[in-house]
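Peer 1: The structure is given below, and queries will be raised subsequently.
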Amino acid sequence: MKNKKGINFFFLIIAIITGSKLFQHFDFQNLKFKNLGIDILYLVVFVGSLIFLVKDNVKPPKKP
């Protein structure tokens, strides 16, 4: 029987919150962020949480 892992709820919540803040702070007319310093931090945390979400679900197949 295979062990199925679900997605990590903690990193999912972090990705949703930081992604929504990035979307709110982005000015689509000028293609700039409102607060550059905090938005860079949001972007780093958002990308990191996405990496941790995908890393557990994508694994190479085991050789027999």
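Ligands are numbered from 1 in the order shown, residues from 1 within each chain, and chains are lettered A, B, ... in the order they appear in the structure tokens.
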Excluding region 19-34 of chain A and any residue of its chain fewer than 5 positions from it, enumerate the residues within 10 Å of it, using only C-alpha atoms, and give them as a ChimeraX atom specification.

Peer 2: /A:13-14,39-43,45-47

Peer 1: Just list as a list in words whatever in chain A DSSP marks as strand (DSSP E).

Peer 2: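 Those in chain A that DSSP calls strand (DSSP E) are Phe26, Asp27, Lys32 and Phe33 of chain A.
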
Peer 1: What's the 12 Å shell around Val54 (chain A), counting only C-alpha atoms, without same-chain residues fewer than 4 positions away, as a list in words?

Peer 2: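 Close residues of Val54 (chain A): Lys5, Gly6, Ile7, Asn8, Phe11, Leu12, Ala15, Val47, Gly48, Ser49, Leu50, Val58 and Lys59 of chain A.
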